[in-house]
$ cat query21.tsv   # TSV, C-alpha atoms
chain	number	residue	atom	x	y	z
C	1	GLY	CA	300.32	106.13	12.07
C	2	ALA	CA	303.57	107.06	13.75
C	3	GLY	CA	305.73	107.14	10.64
C	4	VAL	CA	306.20	109.52	7.72
C	5	SER	CA	303.27	109.23	5.36
C	6	GLN	CA	303.35	110.13	1.69
C	7	SER	CA	300.52	110.28	-0.79
C	8	PRO	CA	299.77	109.21	-3.38
C	9	ARG	CA	301.97	106.10	-3.42
C	10	TYR	CA	301.79	105.96	-7.21
C	11	LYS	CA	301.02	108.68	-9.71
C	12	VAL	CA	300.83	108.47	-13.49
C	13	ALA	CA	300.79	111.86	-15.16
C	14	LYS	CA	300.56	112.84	-18.78
C	15	ARG	CA	303.40	115.01	-19.99
C	16	GLY	CA	302.55	118.63	-19.32
C	17	GLN	CA	300.25	117.87	-16.40
C	18	ASP	CA	300.80	119.43	-12.96
C	19	VAL	CA	301.16	117.11	-9.95
C	20	ALA	CA	301.18	117.62	-6.18
C	21	LEU	CA	302.84	115.19	-3.80
C	22	ARG	CA	302.04	115.26	-0.12
C	23	CYS	CA	304.19	114.44	2.91
C	24	ASP	CA	302.97	114.08	6.50
C	25	PRO	CA	306.07	114.03	8.72
C	26	ILE	CA	306.31	112.50	12.16
C	27	SER	CA	304.57	114.80	14.62
C	28	GLY	CA	306.99	117.19	16.28
C	29	HIS	CA	309.76	116.73	13.74
C	30	VAL	CA	311.38	120.04	12.93
C	31	SER	CA	313.30	119.14	9.78
C	32	LEU	CA	311.72	117.92	6.56
C	33	PHE	CA	313.56	116.87	3.41
C	34	TRP	CA	312.51	116.01	-0.12
C	35	TYR	CA	314.62	113.72	-2.31
C	36	GLN	CA	314.32	112.41	-5.85
C	37	GLN	CA	315.50	108.87	-6.51
C	38	ALA	CA	315.91	107.54	-10.03
C	39	LEU	CA	316.20	103.81	-10.64
C	40	GLY	CA	319.59	102.49	-9.56
C	41	GLN	CA	320.67	105.79	-8.00
C	42	GLY	CA	320.91	107.11	-4.48
C	43	PRO	CA	318.43	109.74	-3.29
C	44	GLU	CA	319.24	113.17	-4.71
C	45	PHE	CA	318.53	116.15	-2.47
C	46	LEU	CA	315.80	118.53	-3.61
C	47	THR	CA	314.91	120.82	-0.72
C	48	TYR	CA	314.96	121.17	3.06
C	49	PHE	CA	312.65	122.84	5.59
C	50	GLN	CA	313.18	123.72	9.19
C	51	ASN	CA	309.67	124.21	10.51
C	52	GLU	CA	307.98	126.38	7.87
C	53	ALA	CA	311.19	127.96	6.61
C	54	GLN	CA	312.64	126.59	3.40
C	55	LEU	CA	316.34	126.79	4.21
C	56	ASP	CA	317.72	125.15	1.12
C	57	LYS	CA	316.16	124.62	-2.29
C	58	SER	CA	319.36	124.28	-4.22
C	59	GLY	CA	318.51	120.75	-5.36
C	60	LEU	CA	315.30	121.63	-7.17
C	61	PRO	CA	316.11	120.84	-10.81
C	62	SER	CA	314.10	123.63	-12.41
C	63	ASP	CA	311.58	126.35	-11.69
C	64	ARG	CA	308.86	123.81	-12.47
C	65	PHE	CA	309.50	122.35	-9.01
C	66	PHE	CA	308.06	124.08	-5.97
C	67	ALA	CA	307.76	122.96	-2.34
C	68	GLU	CA	306.00	124.42	0.65
C	69	ARG	CA	305.39	123.67	4.30
C	70	PRO	CA	303.17	126.57	5.35
C	71	GLU	CA	302.39	125.52	8.92
C	72	GLY	CA	305.58	123.70	9.68
C	73	SER	CA	304.08	120.22	9.45
C	74	VAL	CA	302.59	118.86	6.21
C	75	SER	CA	304.61	119.59	3.08
C	76	THR	CA	303.66	119.55	-0.59
C	77	LEU	CA	306.01	119.15	-3.53
C	78	LYS	CA	304.48	120.49	-6.72
C	79	ILE	CA	305.78	119.80	-10.20
C	80	GLN	CA	304.36	121.89	-13.02
C	81	ARG	CA	304.25	120.85	-16.67
C	82	THR	CA	305.72	117.42	-15.93
C	83	GLN	CA	308.33	116.00	-18.29
C	84	GLN	CA	309.39	112.39	-18.81
C	85	GLU	CA	312.67	113.05	-17.02
C	86	ASP	CA	310.65	113.83	-13.87
C	87	SER	CA	309.75	110.13	-13.59
C	88	ALA	CA	311.28	108.92	-10.33
C	89	VAL	CA	310.46	108.06	-6.74
C	90	TYR	CA	310.04	111.17	-4.60
C	91	LEU	CA	311.02	110.53	-0.99
C	92	CYS	CA	310.17	112.66	2.00
C	93	ALA	CA	312.06	112.39	5.28
C	94	SER	CA	311.75	114.09	8.64
C	95	SER	CA	313.96	114.38	11.68
C	96	PHE	CA	313.48	115.80	15.14
C	97	ASP	CA	316.67	117.83	15.21
C	98	GLY	CA	316.29	121.45	14.17
C	99	THR	CA	319.78	121.64	12.76
C	100	GLY	CA	318.92	119.06	10.16
C	101	GLY	CA	320.66	115.84	10.61
C	102	TYR	CA	322.18	115.00	13.94
C	103	THR	CA	319.28	112.73	14.74
C	104	GLU	CA	317.96	109.92	12.59
C	105	ALA	CA	315.98	110.89	9.52
C	106	PHE	CA	312.89	108.76	8.93
C	107	PHE	CA	311.69	108.26	5.40
C	108	GLY	CA	308.24	107.80	3.96
C	109	GLN	CA	307.62	105.03	1.46
C	110	GLY	CA	307.81	107.50	-1.39
C	111	THR	CA	305.63	108.50	-4.31
C	112	ARG	CA	306.47	106.76	-7.57
C	113	LEU	CA	305.80	109.25	-10.35
C	114	THR	CA	305.59	108.05	-13.93
C	115	VAL	CA	305.21	110.64	-16.66
C	116	VAL	CA	303.86	109.26	-19.94
Q	117	ARG	CA	332.80	115.67	-8.49
Q	118	LYS	CA	329.91	114.21	-6.49
Q	119	GLU	CA	329.95	115.12	-2.80
Q	120	VAL	CA	329.73	111.52	-1.61
Q	121	GLU	CA	331.26	108.68	-3.59
Q	122	GLN	CA	330.99	104.97	-2.93
Q	123	ASP	CA	332.40	101.74	-4.29
Q	124	PRO	CA	330.53	101.01	-7.51
Q	125	GLY	CA	329.55	97.42	-6.62
Q	126	PRO	CA	327.69	95.17	-6.92
Q	127	PHE	CA	329.23	92.92	-4.32
Q	128	ASN	CA	328.26	89.26	-4.66
Q	129	VAL	CA	329.40	87.19	-1.67
Q	130	PRO	CA	328.58	83.80	-0.13
Q	131	GLU	CA	326.96	83.48	3.27
Q	132	GLY	CA	329.48	83.85	6.06
Q	133	ALA	CA	331.80	86.12	4.10
Q	134	THR	CA	333.19	89.40	5.37
Q	135	VAL	CA	332.62	92.36	3.10
Q	136	ALA	CA	333.74	95.98	3.33
Q	137	PHE	CA	332.28	99.08	1.72
Q	138	ASN	CA	334.13	102.34	1.34
Q	139	CYS	CA	332.95	105.89	0.92
Q	140	THR	CA	334.68	109.23	0.46
Q	141	TYR	CA	333.23	112.70	0.89
Q	142	SER	CA	334.42	115.99	-0.53
Q	143	ASN	CA	333.14	118.57	1.96
Q	144	SER	CA	335.59	118.88	4.85
Q	145	ALA	CA	332.92	120.75	6.86
Q	146	SER	CA	330.78	117.62	7.06
Q	147	GLN	CA	329.98	116.81	10.65
Q	148	SER	CA	327.63	113.83	10.76
Q	149	PHE	CA	328.04	110.51	9.05
Q	150	PHE	CA	325.70	107.59	8.61
Q	151	TRP	CA	325.13	104.34	6.80
Q	152	TYR	CA	321.58	103.75	5.59
Q	153	ARG	CA	320.20	100.52	4.19
Q	154	GLN	CA	317.68	100.40	1.38
Q	155	ASP	CA	315.86	97.25	0.35
Q	156	CYS	CA	314.49	96.93	-3.18
Q	157	ARG	CA	311.54	99.27	-3.73
Q	158	LYS	CA	311.59	100.34	-0.07
Q	159	GLU	CA	312.59	103.54	1.67
Q	160	PRO	CA	316.07	104.02	3.16
Q	161	LYS	CA	316.42	103.20	6.85
Q	162	LEU	CA	319.21	104.12	9.23
Q	163	LEU	CA	321.65	101.27	9.75
Q	164	MET	CA	324.10	103.06	12.00
Q	165	SER	CA	325.72	106.39	12.73
Q	166	VAL	CA	329.48	106.66	12.27
Q	167	TYR	CA	331.69	108.19	14.94
Q	168	SER	CA	335.33	109.24	14.84
Q	169	SER	CA	336.22	106.58	17.36
Q	170	GLY	CA	334.62	103.89	15.24
Q	171	ASN	CA	331.58	101.97	16.36
Q	172	GLU	CA	330.28	98.44	16.23
Q	173	ASP	CA	326.78	97.01	16.25
Q	174	GLY	CA	326.80	93.24	16.23
Q	175	ARG	CA	328.25	92.09	12.91
Q	176	PHE	CA	328.53	95.65	11.60
Q	177	THR	CA	331.50	97.96	12.18
Q	178	ALA	CA	331.69	101.54	10.92
Q	179	GLN	CA	334.79	103.71	10.87
Q	180	LEU	CA	335.48	107.34	10.03
Q	181	ASN	CA	338.79	108.90	9.02
Q	182	ARG	CA	338.31	112.67	9.00
Q	183	ALA	CA	341.81	113.40	7.74
Q	184	SER	CA	341.25	111.27	4.64
Q	185	GLN	CA	337.52	112.09	4.46
Q	186	TYR	CA	336.80	108.39	4.30
Q	187	ILE	CA	334.07	106.22	5.83
Q	188	SER	CA	333.86	102.45	5.87
Q	189	LEU	CA	331.36	99.74	6.75
Q	190	LEU	CA	332.43	96.19	7.52
Q	191	ILE	CA	329.93	93.35	7.63
Q	192	ARG	CA	331.11	90.10	9.16
Q	193	ASP	CA	329.48	86.68	8.77
Q	194	SER	CA	327.16	87.88	6.00
Q	195	LYS	CA	323.56	86.64	6.06
Q	196	LEU	CA	321.12	86.29	3.19
Q	197	SER	CA	319.08	89.01	4.87
Q	198	ASP	CA	321.98	91.47	4.49
Q	199	SER	CA	321.27	91.66	0.74
Q	200	ALA	CA	320.36	95.30	0.10
Q	201	THR	CA	321.80	98.60	-1.09
Q	202	TYR	CA	323.98	100.40	1.44
Q	203	LEU	CA	323.99	104.18	1.27
Q	204	CYS	CA	326.75	106.38	2.68
Q	205	VAL	CA	325.34	109.65	4.03
Q	206	VAL	CA	326.99	112.84	5.28
Q	207	ASN	CA	325.85	116.29	6.37
Q	208	GLN	CA	326.82	119.54	8.00
Q	209	ALA	CA	324.79	121.27	10.67
Q	210	GLY	CA	321.79	123.06	9.18
Q	211	THR	CA	321.92	121.28	5.86
Q	212	ALA	CA	320.33	118.26	4.31
Q	213	LEU	CA	321.62	114.72	4.35
Q	214	ILE	CA	323.66	114.04	1.22
Q	215	PHE	CA	323.56	110.49	-0.08
Q	216	GLY	CA	326.02	108.47	-2.09
Q	217	LYS	CA	324.82	106.46	-5.05
Q	218	GLY	CA	324.77	103.30	-2.96
Q	219	THR	CA	326.51	99.96	-3.12
Q	220	THR	CA	324.50	96.84	-3.77
Q	221	LEU	CA	325.26	93.71	-1.77
Q	222	SER	CA	323.97	90.30	-2.77
Q	223	VAL	CA	324.57	87.43	-0.36
Q	224	SER	CA	324.00	83.94	-1.73
Q	225	SER	CA	323.72	80.54	-0.09
$ encode --input "query21.tsv" --output "structure tokens"
Amino acid sequence: GAGVSQSPRYKVAKRGQDVALRCDPISGHVSLFWYQQALGQGPEFLTYFQNEAQLDKSGLPSDRFFAERPEGSVSTLKIQRTQQEDSAVYLCASSFDGTGGYTEAFFGQGTRLTVV
Amino acid sequence: RKEVEQDPGPFNVPEGATVAFNCTYSNSASQSFFWYRQDCRKEPKLLMSVYSSGNEDGRFTAQLNRASQYISLLIRDSKLSDSATYLCVVNQAGTALIFGKGTTLSVSS
């Protein structure tokens, strides 16, 4: 499809399990963002890529969170040793503009992670 | 202090009402400003960009006051379909979009 695609749409993980969330951005989009959205809150910034370079990871809540975009297209957000507080919707967005925001950012439908 | 702050809401208005949302941002280096709309259990989608001169798109008017670091969104003649959460978004060049918590609007008949 032409939009941002995220998989899986839903993930239930047992506490302590590792998970990997995938994002396929719109083809040709330079910037890619990951956000975490808890119920009733706005999206909270996690990390930002420009092509394959991770320019900002200041929003990652702990060293259990790791993101990569090795070829400048598909990105993976990995969470190790999941905790209950990691339960949230993880949103990926991409935009064409290399400076990260002057053009519209398109979001995927998100991955809803539930840690039990 | 959170970088982007919005009216707490929720706003409950009848059809046809005019409603205004406000937003303030703390980083004076912010350069781009947007309003996004998010429907329940859906992803955010761009509603409109916000320019210094103010801009209008049909029933929606957005304004920016850089001196006060303040952004507003006005919705005239509210429709049932306007019910959603409205997110104020700012960024600087080379950085990520920073979202406010969102303001929920509920329009009733």
$ interface_residues --input "query21.tsv" --of "chain Q" --to "chain C" --cutoff "10 Å" --atoms "only C-alpha atoms" --output "PDB file with C-alpha atoms, in the coordinates of the input"
ATOM      1  CA  GLN Q 147     329.980 116.810  10.650  1.00  0.00           C
ATOM      2  CA  SER Q 148     327.630 113.830  10.760  1.00  0.00           C
ATOM      3  CA  PHE Q 149     328.040 110.510   9.050  1.00  0.00           C
ATOM      4  CA  PHE Q 150     325.700 107.590   8.610  1.00  0.00           C
ATOM      5  CA  TYR Q 152     321.580 103.750   5.590  1.00  0.00           C
ATOM      6  CA  GLN Q 154     317.680 100.400   1.380  1.00  0.00           C
ATOM      7  CA  CYS Q 156     314.490  96.930  -3.180  1.00  0.00           C
ATOM      8  CA  ARG Q 157     311.540  99.270  -3.730  1.00  0.00           C
ATOM      9  CA  LYS Q 158     311.590 100.340  -0.070  1.00  0.00           C
ATOM     10  CA  GLU Q 159     312.590 103.540   1.670  1.00  0.00           C
ATOM     11  CA  PRO Q 160     316.070 104.020   3.160  1.00  0.00           C
ATOM     12  CA  LYS Q 161     316.420 103.200   6.850  1.00  0.00           C
ATOM     13  CA  LEU Q 162     319.210 104.120   9.230  1.00  0.00           C
ATOM     14  CA  LEU Q 163     321.650 101.270   9.750  1.00  0.00           C
ATOM     15  CA  MET Q 164     324.100 103.060  12.000  1.00  0.00           C
ATOM     16  CA  SER Q 165     325.720 106.390  12.730  1.00  0.00           C
ATOM     17  CA  THR Q 201     321.800  98.600  -1.090  1.00  0.00           C
ATOM     18  CA  TYR Q 202     323.980 100.400   1.440  1.00  0.00           C
ATOM     19  CA  LEU Q 203     323.990 104.180   1.270  1.00  0.00           C
ATOM     20  CA  CYS Q 204     326.750 106.380   2.680  1.00  0.00           C
ATOM     21  CA  VAL Q 205     325.340 109.650   4.030  1.00  0.00           C
ATOM     22  CA  VAL Q 206     326.990 112.840   5.280  1.00  0.00           C
ATOM     23  CA  ASN Q 207     325.850 116.290   6.370  1.00  0.00           C
ATOM     24  CA  GLN Q 208     326.820 119.540   8.000  1.00  0.00           C
ATOM     25  CA  ALA Q 209     324.790 121.270  10.670  1.00  0.00           C
ATOM     26  CA  GLY Q 210     321.790 123.060   9.180  1.00  0.00           C
ATOM     27  CA  THR Q 211     321.920 121.280   5.860  1.00  0.00           C
ATOM     28  CA  ALA Q 212     320.330 118.260   4.310  1.00  0.00           C
ATOM     29  CA  LEU Q 213     321.620 114.720   4.350  1.00  0.00           C
ATOM     30  CA  ILE Q 214     323.660 114.040   1.220  1.00  0.00           C
ATOM     31  CA  PHE Q 215     323.560 110.490  -0.080  1.00  0.00           C
ATOM     32  CA  GLY Q 216     326.020 108.470  -2.090  1.00  0.00           C
ATOM     33  CA  LYS Q 217     324.820 106.460  -5.050  1.00  0.00           C
ATOM     34  CA  GLY Q 218     324.770 103.300  -2.960  1.00  0.00           C
ATOM     35  CA  THR Q 219     326.510  99.960  -3.120  1.00  0.00           C
ATOM     36  CA  THR Q 220     324.500  96.840  -3.770  1.00  0.00           C
TER      37      THR Q 220
END
$ atom_distance --input "query21.tsv" --atom1 "atom CA of Q:Leu189" --atom2 "atom CA of Q:Trp151"
7.7 Å
$ residues_near_point --input "query21.tsv" --point "(332.5, 119.6, -0.2)" --cutoff "10 Å" --atoms "all atoms listed in the file" --output "list in words"
Arg117, Lys118, Glu119, Val120, Tyr141, Ser142, Asn143, Ser144, Ala145, Ser146, Asn207 and Gln208 of chain Q
$ closest_residue --input "query21.tsv" --among "Q:Ser225, Q:Gln122, Q:Thr140, Q:Asn171" --to "Q:Ser197" --atoms "all atoms listed in the file"
Q:Ser225
$ atom_distance --input "query21.tsv" --atom1 "atom CA of C:Gln17" --atom2 "atom CA of C:Phe66"
14.4 Å
$ atom_distance --input "query21.tsv" --atom1 "atom CA of C:Val4" --atom2 "atom CA of C:Asp24"
5.7 Å
$ closest_residue --input "query21.tsv" --among "C:Gln80, C:Asn51, C:Leu60, C:Val19" --to "C:Gln36" --atoms "all atoms listed in the file"
C:Leu60
$ residues_around --input "query21.tsv" --residues "Q:Gly174" --least-positions-apart "5" --cutoff "12 Å" --atoms "all atoms listed in the file" --output "mmCIF file with C-alpha atoms, keeping the file's coordinate frame"
data_model
loop_
_atom_site.group_PDB
_atom_site.id
_atom_site.type_symbol
_atom_site.label_atom_id
_atom_site.label_comp_id
_atom_site.auth_asym_id
_atom_site.auth_seq_id
_atom_site.Cartn_x
_atom_site.Cartn_y
_atom_site.Cartn_z
ATOM 1 C CA LEU Q 163 321.650 101.270 9.750
ATOM 2 C CA MET Q 164 324.100 103.060 12.000
ATOM 3 C CA LEU Q 190 332.430 96.190 7.520
ATOM 4 C CA ILE Q 191 329.930 93.350 7.630
ATOM 5 C CA ARG Q 192 331.110 90.100 9.160
ATOM 6 C CA ASP Q 193 329.480 86.680 8.770
ATOM 7 C CA SER Q 194 327.160 87.880 6.000
#
$ closest_residue --input "query21.tsv" --among "C:Ala53, C:Ile79, C:Ala88, C:Ile26" --to "C:Gln6" --atoms "only C-alpha atoms"
C:Ile26
$ closest_residue --input "query21.tsv" --among "Q:Ala133, Q:Tyr186, Q:Pro124, Q:Ser168" --to "Q:Val223" --atoms "only C-alpha atoms"
Q:Ala133
$ axis_aligned_box --input "query21.tsv" --around "stretch 133-146 of chain Q" --padding-each-side "6 Å" --output "lines of an AutoDock Vina configuration file"
center_x = 333.2
center_y = 103.4
center_z = 3.3
size_x = 16.8
size_y = 46.6
size_z = 19.6
$ closest_residue --input "query21.tsv" --among "C:Gln83, C:Thr76, C:Ser27, C:Ser5" --to "C:Phe96" --atoms "all atoms listed in the file"
C:Ser27
$ closest_residue --input "query21.tsv" --among "C:Gly3, C:Pro70, C:Gly28, C:Gly16" --to "C:Asp86" --atoms "only C-alpha atoms"
C:Gly16
$ build_atoms --input "query21.tsv" --residues "stretch 124-144 of chain Q" --atoms "N, CA and C atoms" --output "short mmCIF file (atom, residue, chain, number, x, y, z; two decimals), in the coordinates of the input"
data_model
loop_
_atom_site.label_atom_id
_atom_site.label_comp_id
_atom_site.auth_asym_id
_atom_site.auth_seq_id
_atom_site.Cartn_x
_atom_site.Cartn_y
_atom_site.Cartn_z
N PRO Q 124 331.59 101.20 -6.52
CA PRO Q 124 330.53 101.01 -7.51
C PRO Q 124 329.70 99.75 -7.28
N GLY Q 125 330.31 98.66 -6.78
CA GLY Q 125 329.55 97.42 -6.62
C GLY Q 125 329.13 96.87 -7.97
N PRO Q 126 328.26 95.88 -8.07
CA PRO Q 126 327.69 95.17 -6.92
C PRO Q 126 328.68 94.20 -6.28
N PHE Q 127 328.45 93.91 -5.03
CA PHE Q 127 329.23 92.92 -4.32
C PHE Q 127 328.39 91.65 -4.22
N ASN Q 128 328.94 90.57 -4.72
CA ASN Q 128 328.26 89.26 -4.66
C ASN Q 128 329.11 88.35 -3.79
N VAL Q 129 328.61 87.98 -2.61
CA VAL Q 129 329.40 87.19 -1.67
C VAL Q 129 328.60 86.00 -1.17
N PRO Q 130 329.29 84.94 -0.72
CA PRO Q 130 328.58 83.80 -0.13
C PRO Q 130 328.25 84.09 1.33
N GLU Q 131 327.28 83.37 1.84
CA GLU Q 131 326.96 83.48 3.27
C GLU Q 131 328.20 83.24 4.09
N GLY Q 132 328.35 84.02 5.17
CA GLY Q 132 329.48 83.85 6.06
C GLY Q 132 330.69 84.69 5.69
N ALA Q 133 330.67 85.29 4.53
CA ALA Q 133 331.80 86.12 4.10
C ALA Q 133 331.84 87.43 4.86
N THR Q 134 333.02 88.04 4.85
CA THR Q 134 333.19 89.40 5.37
C THR Q 134 333.32 90.33 4.18
N VAL Q 135 332.60 91.42 4.23
CA VAL Q 135 332.62 92.36 3.10
C VAL Q 135 332.77 93.78 3.64
N ALA Q 136 333.50 94.60 2.91
CA ALA Q 136 333.74 95.98 3.33
C ALA Q 136 333.34 96.95 2.22
N PHE Q 137 332.66 98.01 2.63
CA PHE Q 137 332.28 99.08 1.72
C PHE Q 137 333.03 100.35 2.10
N ASN Q 138 333.42 101.10 1.09
CA ASN Q 138 334.13 102.34 1.34
C ASN Q 138 333.38 103.52 0.76
N CYS Q 139 333.64 104.68 1.33
CA CYS Q 139 332.95 105.89 0.92
C CYS Q 139 333.88 107.07 1.16
N THR Q 140 333.92 108.00 0.24
CA THR Q 140 334.68 109.23 0.46
C THR Q 140 333.74 110.43 0.29
N TYR Q 141 334.04 111.49 0.99
CA TYR Q 141 333.23 112.70 0.89
C TYR Q 141 334.12 113.89 0.63
N SER Q 142 333.58 114.88 -0.06
CA SER Q 142 334.42 115.99 -0.53
C SER Q 142 334.36 117.22 0.37
N ASN Q 143 333.31 117.35 1.16
CA ASN Q 143 333.14 118.57 1.96
C ASN Q 143 333.76 118.37 3.35
N SER Q 144 334.88 119.05 3.59
CA SER Q 144 335.59 118.88 4.85
C SER Q 144 334.80 119.42 6.04
#
